[in-house]
$ cat data-v5.txt   # compact mmCIF, C-alpha atoms
# COMPACT_ATOMS: atom_id res chain seq x y z
CA MET B 283 67.21 40.31 -12.55
CA GLY B 284 65.62 42.13 -15.25
CA ARG B 285 64.89 38.89 -16.95
CA PHE B 286 61.45 38.45 -15.50
CA LYS B 287 60.14 41.64 -16.73
CA LYS B 288 56.50 42.19 -16.50
CA GLU B 289 54.67 41.30 -19.64
CA GLY B 290 52.40 43.90 -20.95
CA LYS B 291 49.17 44.16 -18.95
CA LYS B 292 47.20 41.02 -19.84
CA ASP B 293 43.70 41.38 -18.45
CA VAL B 294 42.31 38.54 -16.44
CA PRO B 295 38.89 38.06 -18.06
CA GLU B 296 36.08 38.90 -15.74
CA LEU B 297 34.04 36.00 -14.41
CA ASN B 298 30.44 36.03 -15.38
CA MET B 299 28.50 36.11 -12.15
CA GLY B 300 25.12 36.19 -13.80
CA SER B 301 24.36 32.51 -13.32
CA MET B 302 25.45 32.47 -9.69
CA SER B 303 21.96 33.39 -8.56
CA ASP B 304 20.52 30.42 -10.43
CA ILE B 305 22.89 28.03 -8.75
CA ILE B 306 22.03 29.43 -5.37
CA PHE B 307 18.34 29.18 -6.09
CA MET B 308 18.73 25.59 -7.20
CA PHE B 309 20.40 24.76 -3.93
CA LEU B 310 17.70 26.58 -2.04
CA PHE B 311 14.91 24.67 -3.73
CA PHE B 312 16.72 21.40 -3.40
CA PHE B 313 17.00 21.75 0.34
CA MET B 314 13.46 23.05 0.65
CA VAL B 315 12.13 19.95 -1.04
CA ILE B 316 14.32 17.59 0.91
CA THR B 317 13.41 19.02 4.30
CA THR B 318 9.62 19.00 3.79
CA MET B 319 9.57 15.44 2.52
CA ARG B 320 11.49 13.96 5.37
CA GLU B 321 9.41 11.38 7.21
CA SER B 322 9.64 10.88 10.90
CA SER B 323 12.69 8.72 11.39
CA LEU B 324 12.12 5.04 11.94
CA PHE B 325 13.18 3.30 15.12
CA VAL B 326 12.24 -0.09 13.78
CA VAL B 327 13.69 -2.15 10.98
CA ILE B 328 11.11 -2.71 8.28
CA GLN B 329 11.45 -4.73 5.15
CA ILE B 330 7.97 -4.72 3.66
CA PRO B 331 6.86 -7.83 1.78
CA LYS B 332 6.61 -8.10 -1.99
CA ALA B 333 3.36 -8.40 -3.88
CA THR B 334 2.25 -8.18 -7.47
CA GLU B 335 -1.16 -6.60 -7.00
CA VAL B 336 -0.14 -3.26 -5.58
CA GLN B 337 -2.15 -0.09 -5.81
CA LYS B 338 -0.78 3.39 -5.29
CA LEU B 339 -2.23 5.47 -2.51
CA GLU B 340 -3.71 8.60 -3.94
CA LYS B 341 -3.56 11.39 -1.43
CA LYS B 342 -0.43 11.45 0.62
CA ALA B 343 -1.95 13.94 3.03
CA LEU B 344 -4.65 11.42 3.92
CA VAL B 345 -2.33 8.59 4.84
CA SER B 346 -1.25 7.79 8.37
CA SER B 347 1.34 5.13 8.93
CA ILE B 348 1.65 2.50 11.59
CA ASN B 349 5.08 0.88 11.63
CA ILE B 350 5.75 -2.55 13.06
CA GLY B 351 9.12 -4.21 13.18
CA ARG B 352 12.12 -5.13 15.28
CA PRO B 353 13.78 -2.19 17.08
CA ASN B 354 16.83 -0.96 15.18
CA GLN B 355 20.43 -1.05 16.44
CA ASN B 356 20.08 2.00 18.65
CA HIS B 357 17.16 0.55 20.55
CA ILE B 358 17.54 -3.19 20.38
CA LYS B 359 19.69 -3.36 23.52
CA ARG B 360 17.14 -1.52 25.58
CA LEU B 361 14.01 -3.16 24.17
CA GLY B 362 15.09 -6.58 22.97
CA PRO B 363 14.39 -8.20 19.60
CA GLU B 364 10.60 -8.50 19.97
CA PRO B 365 8.65 -6.58 17.30
CA ARG B 366 7.39 -3.16 18.36
CA ILE B 367 4.90 -0.66 17.09
CA GLN B 368 6.05 2.82 16.19
CA LEU B 369 3.51 5.62 15.92
CA ASN B 370 4.84 8.95 14.73
CA ASP B 371 8.04 9.49 16.66
CA GLN B 372 7.74 7.03 19.49
CA PHE B 373 7.33 3.40 20.41
CA ALA B 374 3.83 2.40 21.39
CA GLU B 375 1.75 -0.51 22.54
CA TYR B 376 -1.24 -1.71 20.59
CA THR B 377 -3.49 -0.22 23.23
CA ASP B 378 -2.29 3.25 22.15
CA ILE B 379 -3.76 2.84 18.68
CA ILE B 380 -7.20 4.25 19.53
CA GLU B 381 -5.64 7.40 20.92
CA PHE B 382 -3.40 7.66 17.88
CA VAL B 383 -6.35 7.33 15.53
CA GLU B 384 -8.20 10.10 17.36
CA ALA B 385 -5.17 12.39 17.23
CA GLU B 386 -4.67 11.76 13.54
CA LYS B 387 -8.34 12.44 12.85
CA GLN B 388 -8.15 15.72 14.75
CA ARG B 389 -5.33 16.86 12.49
CA ARG B 390 -7.49 16.60 9.38
CA ASN B 391 -10.48 18.72 8.56
CA GLU B 392 -13.85 17.21 9.24
CA LEU B 393 -14.74 16.14 5.72
CA ASP B 394 -11.57 14.13 5.27
CA ARG B 395 -11.74 12.18 8.50
CA THR B 396 -13.45 9.12 7.12
CA MET B 397 -11.17 9.15 4.09
CA ILE B 398 -7.95 8.55 5.96
CA THR B 399 -6.05 5.46 4.87
CA TRP B 400 -4.18 3.65 7.60
CA SER B 401 -1.04 2.30 6.06
CA LEU B 402 0.35 -0.70 7.91
CA LYS B 403 4.06 -0.87 7.28
CA VAL B 404 5.00 -4.20 8.68
CA ASP B 405 8.24 -6.15 8.42
CA GLU B 406 7.75 -9.42 6.57
CA LYS B 407 9.31 -11.45 9.36
CA VAL B 408 6.86 -10.21 11.98
CA LYS B 409 4.30 -12.73 13.23
CA MET B 410 0.61 -12.07 12.64
CA GLY B 411 -0.25 -11.83 16.33
CA ILE B 412 0.81 -8.23 16.77
CA VAL B 413 -0.68 -7.27 13.40
CA THR B 414 -4.00 -8.79 14.41
CA ASP B 415 -3.99 -6.86 17.67
CA VAL B 416 -3.44 -3.64 15.74
CA LYS B 417 -6.22 -4.48 13.29
CA GLN B 418 -8.65 -5.18 16.12
CA GLU B 419 -7.83 -1.82 17.69
CA LEU B 420 -8.30 -0.08 14.36
CA ARG B 421 -11.72 -1.66 14.06
CA LYS B 422 -12.64 -0.45 17.53
CA ALA B 423 -11.50 3.05 16.59
CA SER B 424 -13.59 2.84 13.38
CA ALA B 425 -10.56 3.21 11.19
CA PHE B 426 -11.60 0.80 8.48
CA LYS B 427 -9.61 1.83 5.43
CA VAL B 428 -6.42 -0.11 5.66
CA ASN B 429 -3.47 -0.44 3.35
CA TYR B 430 -0.88 -3.16 3.73
CA ALA B 431 2.29 -1.57 2.43
CA THR B 432 4.09 -3.78 -0.07
CA ARG B 433 6.82 -3.48 -2.62
CA LYS B 434 6.05 -4.11 -6.25
CA ASP B 435 7.30 -7.54 -7.16
CA ILE B 436 8.80 -7.24 -10.62
CA THR B 437 9.73 -10.89 -11.05
CA LYS B 438 6.43 -12.56 -11.69
CA MET G 117 44.05 36.60 -36.88
CA ALA G 118 41.22 34.81 -35.20
CA LYS G 119 38.00 36.67 -34.85
CA LYS G 120 37.06 37.50 -31.33
CA THR G 121 34.12 35.31 -30.30
CA PRO G 122 31.15 37.34 -29.22
CA GLY G 123 30.04 36.77 -25.59
CA LEU G 124 27.06 34.49 -25.23
CA ASN G 125 23.93 36.06 -23.94
CA THR G 126 23.22 34.17 -20.76
CA GLY G 127 20.34 36.28 -19.66
CA SER G 128 17.66 33.72 -20.50
CA MET G 129 19.56 30.88 -18.85
CA ALA G 130 17.86 31.65 -15.55
CA ASP G 131 14.41 31.30 -17.09
CA ILE G 132 15.25 27.97 -18.63
CA SER G 133 16.58 26.58 -15.40
CA PHE G 134 13.56 27.78 -13.47
CA LEU G 135 11.31 26.18 -15.99
CA LEU G 136 13.11 22.89 -15.59
CA LEU G 137 13.08 23.20 -11.84
CA THR G 138 9.35 23.83 -11.63
CA PHE G 139 8.66 21.03 -14.07
CA PHE G 140 10.47 18.50 -11.94
CA LEU G 141 9.01 19.90 -8.74
CA LEU G 142 5.52 19.36 -10.06
CA THR G 143 5.96 16.00 -11.71
CA SER G 144 8.03 14.19 -9.13
CA SER G 145 6.39 12.62 -6.14
CA ILE G 146 8.76 11.34 -3.56
CA ASN G 147 8.04 7.72 -2.65
CA THR G 148 4.27 7.50 -2.63
CA ASP G 149 3.10 4.56 -0.56
CA GLN G 150 1.75 1.58 -2.33
CA GLY G 151 0.22 -1.64 -1.18
CA ILE G 152 -2.83 -3.84 -0.98
CA GLN G 153 -5.94 -2.07 0.21
CA ARG G 154 -8.62 -3.64 2.35
CA ARG G 155 -11.65 -2.55 4.29
CA LEU G 156 -11.89 -3.82 7.84
CA PRO G 157 -15.34 -4.86 9.07
CA PRO G 158 -16.93 -2.89 11.89
CA PRO G 159 -16.42 -4.46 15.31
CA LEU G 160 -18.83 -7.17 16.38
CA GLN G 161 -21.66 -6.11 18.64
CA GLU G 162 -22.18 -8.12 21.80
CA ASN G 163 -25.51 -9.64 20.84
CA GLN G 164 -24.94 -9.72 17.11
CA GLU G 165 -25.78 -13.01 15.50
CA VAL G 166 -23.31 -14.53 13.14
CA PRO G 167 -25.12 -15.15 9.86
CA LYS G 168 -25.40 -18.80 9.01
CA MET G 169 -23.90 -19.70 5.70
CA ASN G 170 -24.31 -22.70 3.52
CA GLN G 171 -21.16 -24.80 3.62
CA ARG G 172 -20.75 -24.72 -0.13
CA ASN G 173 -20.60 -20.94 -0.13
CA VAL G 174 -17.55 -20.74 2.09
CA LEU G 175 -13.98 -21.24 0.95
CA ARG G 176 -12.11 -21.93 4.13
CA ILE G 177 -8.45 -20.98 4.00
CA LEU G 178 -6.37 -21.78 7.05
CA VAL G 179 -2.75 -20.76 7.49
CA ASN G 180 -0.98 -22.39 10.39
CA MET G 181 2.02 -21.41 12.49
CA HIS G 182 4.43 -23.07 10.03
CA ASP G 183 2.98 -21.05 7.13
CA GLN G 184 1.25 -24.11 5.71
CA LEU G 185 -2.02 -23.79 3.85
CA LEU G 186 -5.21 -25.75 4.20
CA VAL G 187 -7.98 -24.97 1.74
CA ASN G 188 -11.36 -26.58 2.38
CA GLY G 189 -9.66 -29.41 4.21
CA GLU G 190 -6.97 -30.07 1.64
CA VAL G 191 -3.30 -29.24 2.04
CA LEU G 192 -1.99 -26.81 -0.54
CA SER G 193 1.74 -26.94 -1.10
CA ASP G 194 2.13 -23.83 -3.22
CA VAL G 195 0.44 -20.55 -2.40
CA ARG G 196 0.35 -19.69 -6.10
CA GLN G 197 -2.33 -22.32 -6.69
CA LEU G 198 -4.66 -20.34 -4.49
CA LYS G 199 -5.53 -17.87 -7.23
CA ASN G 200 -7.11 -20.45 -9.51
CA ILE G 201 -8.87 -22.20 -6.65
CA THR G 202 -10.43 -18.92 -5.57
CA LYS G 203 -11.43 -18.02 -9.11
CA ASP G 204 -13.06 -21.39 -9.70
CA PHE G 205 -14.80 -21.20 -6.37
CA ILE G 206 -16.29 -17.74 -6.96
CA ALA G 207 -17.06 -17.99 -10.68
CA ASN G 208 -18.04 -21.68 -10.57
CA PRO G 209 -18.23 -22.05 -14.35
CA THR G 210 -19.21 -25.73 -14.20
CA GLU G 211 -22.02 -25.25 -11.65
CA ASP G 212 -20.26 -27.64 -9.32
CA PRO G 213 -22.52 -28.30 -6.30
CA HIS G 214 -19.48 -28.10 -4.00
CA ARG G 215 -18.62 -24.58 -5.09
CA SER G 216 -20.43 -21.34 -4.50
CA GLU G 217 -24.03 -20.69 -5.48
CA LYS G 218 -24.94 -17.88 -7.82
CA GLN G 219 -27.90 -15.63 -7.75
CA SER G 220 -29.28 -13.21 -10.28
CA LYS G 221 -29.13 -9.66 -9.01
CA TYR G 222 -30.00 -6.29 -10.47
CA ILE G 223 -26.88 -4.14 -10.81
CA ASP G 224 -28.09 -0.54 -11.04
CA ASP G 225 -24.74 0.81 -12.26
CA LEU G 226 -24.94 -1.38 -15.32
CA GLY G 227 -28.73 -1.31 -15.57
CA GLU G 228 -29.03 -5.05 -15.98
CA ASN G 229 -29.14 -8.34 -14.15
CA ALA G 230 -26.00 -10.32 -13.51
CA MET G 231 -25.13 -13.53 -11.78
CA VAL G 232 -23.53 -12.70 -8.47
CA SER G 233 -21.77 -15.36 -6.46
CA LYS G 234 -22.80 -15.91 -2.86
CA GLY G 235 -19.33 -17.21 -2.12
CA VAL G 236 -17.23 -15.85 0.70
CA VAL G 237 -13.57 -16.52 1.27
CA SER G 238 -12.96 -17.18 4.94
CA LEU G 239 -9.37 -16.60 5.94
CA GLN G 240 -8.02 -17.68 9.27
CA ASN G 241 -4.43 -17.51 10.36
CA ASP G 242 -2.50 -18.30 13.48
CA ARG G 243 -0.92 -15.68 15.69
CA SER G 244 2.43 -17.17 14.70
CA THR G 245 1.84 -17.07 10.96
CA SER G 246 4.45 -14.86 9.35
CA TYR G 247 3.33 -11.59 7.87
CA ALA G 248 5.07 -12.46 4.59
CA MET G 249 2.87 -15.55 4.21
CA TYR G 250 -0.26 -13.64 5.12
CA MET G 251 0.52 -11.06 2.48
CA ALA G 252 1.25 -13.78 -0.09
CA VAL G 253 -2.24 -15.17 0.54
CA GLN G 254 -3.83 -11.72 0.37
CA ASN G 255 -1.96 -11.07 -2.85
CA GLN G 256 -3.28 -14.27 -4.42
CA LEU G 257 -6.83 -13.43 -3.37
CA THR G 258 -6.55 -9.91 -4.77
CA LEU G 259 -5.17 -11.36 -7.98
CA ALA G 260 -8.11 -13.77 -8.23
CA PHE G 261 -10.72 -11.05 -7.83
CA SER G 262 -9.00 -8.65 -10.20
CA GLU G 263 -8.71 -11.34 -12.85
CA LEU G 264 -12.40 -12.17 -12.49
CA ARG G 265 -13.25 -8.50 -12.94
CA GLN G 266 -10.92 -8.28 -15.89
CA GLU G 267 -12.47 -11.32 -17.56
CA TYR G 268 -16.00 -10.04 -17.03
CA SER G 269 -15.03 -6.70 -18.48
CA GLN G 270 -13.50 -8.30 -21.57
CA GLN G 271 -16.56 -10.48 -22.04
CA ARG G 272 -19.22 -7.86 -21.46
CA PHE G 273 -17.60 -4.70 -22.85
CA GLY G 274 -14.71 -6.07 -24.91
CA LYS G 275 -12.41 -3.70 -23.10
CA SER G 276 -9.82 -3.88 -20.42
CA TYR G 277 -11.12 -3.14 -16.91
CA ASP G 278 -8.84 -0.11 -16.56
CA LYS G 279 -10.42 1.51 -19.61
CA LEU G 280 -14.00 1.33 -18.30
CA THR G 281 -15.91 4.31 -16.96
CA GLU G 282 -16.24 4.75 -13.21
CA THR G 283 -19.87 3.54 -13.14
CA GLN G 284 -19.01 0.46 -15.16
CA LYS G 285 -16.17 -0.29 -12.76
CA LYS G 286 -18.55 0.15 -9.85
CA GLY G 287 -20.98 -2.24 -11.42
CA ILE G 288 -18.35 -4.90 -11.90
CA GLN G 289 -17.16 -4.36 -8.36
CA LYS G 290 -20.71 -5.21 -7.27
CA ILE G 291 -20.73 -8.39 -9.33
CA TYR G 292 -17.34 -9.45 -7.96
CA PRO G 293 -16.98 -7.80 -4.56
CA ILE G 294 -13.85 -8.63 -2.61
CA SER G 295 -15.67 -10.86 -0.15
CA ILE G 296 -13.01 -11.95 2.28
CA SER G 297 -13.97 -12.61 5.84
CA GLU G 298 -11.20 -12.85 8.36
CA ALA G 299 -11.84 -14.98 11.38
CA GLU G 300 -10.25 -14.44 14.75
CA PRO G 301 -6.78 -15.97 14.61
CA SER G 302 -6.02 -19.18 16.42
CA ASN G 303 -3.20 -19.29 18.91
CA TYR G 304 -1.39 -22.58 18.63
CA GLY G 305 1.93 -20.82 18.26
CA GLY G 306 1.97 -20.16 21.98
CA LYS G 307 2.62 -16.86 23.70
CA LYS G 308 0.58 -13.78 23.09
$ encode --input "data-v5.txt" --output "structure tokens"
Amino acid sequence: MGRFKKEGKKDVPELNMGSMSDIIFMFLFFFMVITTMRESSLFVVIQIPKATEVQKLEKKALVSSINIGRPNQNHIKRLGPEPRIQLNDQFAEYTDIIEFVEAEKQRRNELDRTMITWSLKVDEKVKMGIVTDVKQELRKASAFKVNYATRKDITK
Amino acid sequence: MAKKTPGLNTGSMADISFLLLTFFLLTSSINTDQGIQRRLPPPLQENQEVPKMNQRNVLRILVNMHDQLLVNGEVLSDVRQLKNITKDFIANPTEDPHRSEKQSKYIDDLGENAMVSKGVVSLQNDRSTSYAMYMAVQNQLTLAFSELRQEYSQQRFGKSYDKLTETQKKGIQKIYPISISEAEPSNYGGKK
């Protein structure tokens, strides 16, 4: 019994807790960044077309998106496979565009209102009909600055 | 006996990590949108007259419901040929009477006269044209205009267009404006 006698008191070295705060802060910042950047979730499937002549949009705050594509798996049963327009967090018809433009203009301060870029994020398989309808409504709402979202085509 | 290693001073570790953190916070931009930018024309007034244009000044591009191209009455099999056709039409280096006319204009940004084409690209698509095809055409047109600007810049200033000053860029944009007119789409593809 006496064989397992206690060895002389070996100290367990103390853990250095100094860097714990840094780790925690890193986590904090990480989640802060992730949560603010989250876009409104898409209800439509969009694969934007490729192009070589792409330009970057400068001010992210002055961009409003209009999404057009087939409804995704959660909605396709209810709505069918026809392409739909999504504005912010809901499905819309092209007749809702004018209202949407007004609402988006109200959100910005007065000087920026004419500077808003309307980014059309359209699936490449969508037919032009619905896109044309949207463009006509944008013209009526005097939203002239349009961006057709594309991916950079690396293979030239 | 081994020497006891002295404890590392980790006090400044926090500063370093914060520095790194702020650096990446400032430099990174999470997926900025990119794409092809266009300006839509204001809506047509009821009694507005459509300006008459000389036939030679219009490059008519039609895209049908099967994504086929017709340029000034001729079938184009590959969309990639469109760039050179557009460039030749606008620049018209050989003064071809079937291509666009040019006119001397005073460009105030450059403080000199330059030959500006009267040519307009008229683009008409069907309601059943695919968006991918439409964007391919737009991409070719953008490419044509940016190459024309680039060439002018090399010729006039001996520099790349990107390296010019803002006023010089503005001047060149006036010489080669992106003159694309989009007609109302046809509707042979059937349903609205």
$ atom_distance --input "data-v5.txt" --atom1 "CA of Asn356 (chain B)" --atom2 "CA of Tyr376 (chain B)"
21.7 Å
$ interface_residues --input "data-v5.txt" --of "chain G" --to "chain B" --cutoff "6 Å" --atoms "all atoms listed in the file" --output "VMD selection string"
chain G and resid 130 149 to 156 158 to 159 243 to 248
$ closest_residue --input "data-v5.txt" --among "G:Val253, G:Ile294, G:Lys286, G:Leu226" --to "Gln184 (chain G)" --atoms "all atoms listed in the file"
G:Val253
$ atom_distance --input "data-v5.txt" --atom1 "CA of Ser262 (chain G)" --atom2 "CA of Thr202 (chain G)"
11.4 Å
$ residues_around --input "data-v5.txt" --residues "Glu298 (chain G)" --least-positions-apart "4" --cutoff "7 Å" --atoms "all atoms listed in the file" --output "list in words"
Ser238, Leu239 and Gln240 of chain G
$ closest_residue --input "data-v5.txt" --among "G:Asn180, G:Ser133, G:Asn200, G:Asn188" --to "Tyr250 (chain G)" --atoms "all atoms listed in the file"
G:Asn180
$ atom_distance --input "data-v5.txt" --atom1 "CA of Gln161 (chain G)" --atom2 "CA of Asp394 (chain B)"
26.3 Å
$ residues_around --input "data-v5.txt" --residues "Leu192 (chain G)" --least-positions-apart "3" --cutoff "12 Å" --atoms "all atoms listed in the file" --output "JSON list (two decimals) with C-alpha atoms, in the frame of the given file"
[["chain", "number", "residue", "atom", "x", "y", "z"],
["G", 177, "ILE", "CA", -8.45, -20.98, 4.00],
["G", 178, "LEU", "CA", -6.37, -21.78, 7.05],
["G", 179, "VAL", "CA", -2.75, -20.76, 7.49],
["G", 180, "ASN", "CA", -0.98, -22.39, 10.39],
["G", 183, "ASP", "CA", 2.98, -21.05, 7.13],
["G", 184, "GLN", "CA", 1.25, -24.11, 5.71],
["G", 185, "LEU", "CA", -2.02, -23.79, 3.85],
["G", 186, "LEU", "CA", -5.21, -25.75, 4.20],
["G", 187, "VAL", "CA", -7.98, -24.97, 1.74],
["G", 188, "ASN", "CA", -11.36, -26.58, 2.38],
["G", 189, "GLY", "CA", -9.66, -29.41, 4.21],
["G", 195, "VAL", "CA", 0.44, -20.55, -2.40],
["G", 196, "ARG", "CA", 0.35, -19.69, -6.10],
["G", 197, "GLN", "CA", -2.33, -22.32, -6.69],
["G", 198, "LEU", "CA", -4.66, -20.34, -4.49],
["G", 199, "LYS", "CA", -5.53, -17.87, -7.23],
["G", 201, "ILE", "CA", -8.87, -22.20, -6.65],
["G", 253, "VAL", "CA", -2.24, -15.17, 0.54]]
$ residues_around --input "data-v5.txt" --residues "Gln266 (chain G)" --least-positions-apart "3" --cutoff "9 Å" --atoms "only C-alpha atoms" --output "PyMOL selection string"
chain G and resi 261-263+269-271+275-278
$ closest_residue --input "data-v5.txt" --among "B:Met299, B:Ile306, B:Asp371, B:Gly362" --to "Ser323 (chain B)" --atoms "all atoms listed in the file"
B:Asp371
$ closest_residue --input "data-v5.txt" --among "B:Asp435, B:Asn349, B:Val327, B:Glu296" --to "Glu375 (chain B)" --atoms "only C-alpha atoms"
B:Asn349
$ closest_residue --input "data-v5.txt" --among "G:Asp242, G:Glu282, G:Glu162, G:Glu300" --to "Met181 (chain G)" --atoms "all atoms listed in the file"
G:Asp242
$ build_atoms --input "data-v5.txt" --residues "region 385-404 of chain B" --atoms "N, CA and C atoms" --output "PDB file, in the frame of the given file"
ATOM      1  N   ALA B 385      -6.069  11.259  17.457  1.00  0.00           N
ATOM      2  CA  ALA B 385      -5.170  12.390  17.230  1.00  0.00           C
ATOM      3  C   ALA B 385      -4.990  12.672  15.744  1.00  0.00           C
ATOM      4  N   GLU B 386      -4.864  11.584  14.977  1.00  0.00           N
ATOM      5  CA  GLU B 386      -4.670  11.760  13.540  1.00  0.00           C
ATOM      6  C   GLU B 386      -5.933  12.324  12.878  1.00  0.00           C
ATOM      7  N   LYS B 387      -7.104  11.909  13.412  1.00  0.00           N
ATOM      8  CA  LYS B 387      -8.340  12.440  12.850  1.00  0.00           C
ATOM      9  C   LYS B 387      -8.474  13.930  13.156  1.00  0.00           C
ATOM     10  N   GLN B 388      -8.052  14.307  14.368  1.00  0.00           N
ATOM     11  CA  GLN B 388      -8.150  15.720  14.750  1.00  0.00           C
ATOM     12  C   GLN B 388      -7.311  16.608  13.824  1.00  0.00           C
ATOM     13  N   ARG B 389      -6.218  16.067  13.332  1.00  0.00           N
ATOM     14  CA  ARG B 389      -5.330  16.860  12.490  1.00  0.00           C
ATOM     15  C   ARG B 389      -5.962  17.215  11.146  1.00  0.00           C
ATOM     16  N   ARG B 390      -6.869  16.369  10.679  1.00  0.00           N
ATOM     17  CA  ARG B 390      -7.490  16.600   9.380  1.00  0.00           C
ATOM     18  C   ARG B 390      -8.764  17.403   9.535  1.00  0.00           C
ATOM     19  N   ASN B 391      -9.204  18.040   8.427  1.00  0.00           N
ATOM     20  CA  ASN B 391     -10.480  18.720   8.560  1.00  0.00           C
ATOM     21  C   ASN B 391     -11.611  17.700   8.486  1.00  0.00           C
ATOM     22  N   GLU B 392     -12.785  18.158   8.908  1.00  0.00           N
ATOM     23  CA  GLU B 392     -13.850  17.210   9.240  1.00  0.00           C
ATOM     24  C   GLU B 392     -14.292  16.331   8.074  1.00  0.00           C
ATOM     25  N   LEU B 393     -14.264  16.907   6.873  1.00  0.00           N
ATOM     26  CA  LEU B 393     -14.740  16.140   5.720  1.00  0.00           C
ATOM     27  C   LEU B 393     -13.816  14.980   5.383  1.00  0.00           C
ATOM     28  N   ASP B 394     -12.543  15.140   5.685  1.00  0.00           N
ATOM     29  CA  ASP B 394     -11.570  14.130   5.270  1.00  0.00           C
ATOM     30  C   ASP B 394     -11.438  12.984   6.262  1.00  0.00           C
ATOM     31  N   ARG B 395     -12.077  13.119   7.422  1.00  0.00           N
ATOM     32  CA  ARG B 395     -11.740  12.180   8.500  1.00  0.00           C
ATOM     33  C   ARG B 395     -12.058  10.742   8.191  1.00  0.00           C
ATOM     34  N   THR B 396     -13.142  10.519   7.431  1.00  0.00           N
ATOM     35  CA  THR B 396     -13.450   9.120   7.120  1.00  0.00           C
ATOM     36  C   THR B 396     -12.629   8.609   5.953  1.00  0.00           C
ATOM     37  N   MET B 397     -11.918   9.524   5.298  1.00  0.00           N
ATOM     38  CA  MET B 397     -11.170   9.150   4.090  1.00  0.00           C
ATOM     39  C   MET B 397      -9.738   8.737   4.387  1.00  0.00           C
ATOM     40  N   ILE B 398      -9.341   8.840   5.638  1.00  0.00           N
ATOM     41  CA  ILE B 398      -7.950   8.550   5.960  1.00  0.00           C
ATOM     42  C   ILE B 398      -7.642   7.073   5.698  1.00  0.00           C
ATOM     43  N   THR B 399      -6.523   6.830   5.056  1.00  0.00           N
ATOM     44  CA  THR B 399      -6.050   5.460   4.870  1.00  0.00           C
ATOM     45  C   THR B 399      -5.000   5.173   5.919  1.00  0.00           C
ATOM     46  N   TRP B 400      -5.135   4.023   6.553  1.00  0.00           N
ATOM     47  CA  TRP B 400      -4.180   3.650   7.600  1.00  0.00           C
ATOM     48  C   TRP B 400      -3.208   2.664   6.996  1.00  0.00           C
ATOM     49  N   SER B 401      -2.006   3.131   6.759  1.00  0.00           N
ATOM     50  CA  SER B 401      -1.040   2.300   6.060  1.00  0.00           C
ATOM     51  C   SER B 401      -0.237   1.495   7.070  1.00  0.00           C
ATOM     52  N   LEU B 402      -0.386   0.181   6.995  1.00  0.00           N
ATOM     53  CA  LEU B 402       0.350  -0.700   7.910  1.00  0.00           C
ATOM     54  C   LEU B 402       1.672  -1.065   7.256  1.00  0.00           C
ATOM     55  N   LYS B 403       2.740  -0.519   7.804  1.00  0.00           N
ATOM     56  CA  LYS B 403       4.060  -0.870   7.280  1.00  0.00           C
ATOM     57  C   LYS B 403       4.671  -1.886   8.224  1.00  0.00           C
ATOM     58  N   VAL B 404       4.618  -3.115   7.794  1.00  0.00           N
ATOM     59  CA  VAL B 404       5.000  -4.200   8.680  1.00  0.00           C
ATOM     60  C   VAL B 404       6.135  -5.000   8.059  1.00  0.00           C
TER      61      VAL B 404
END
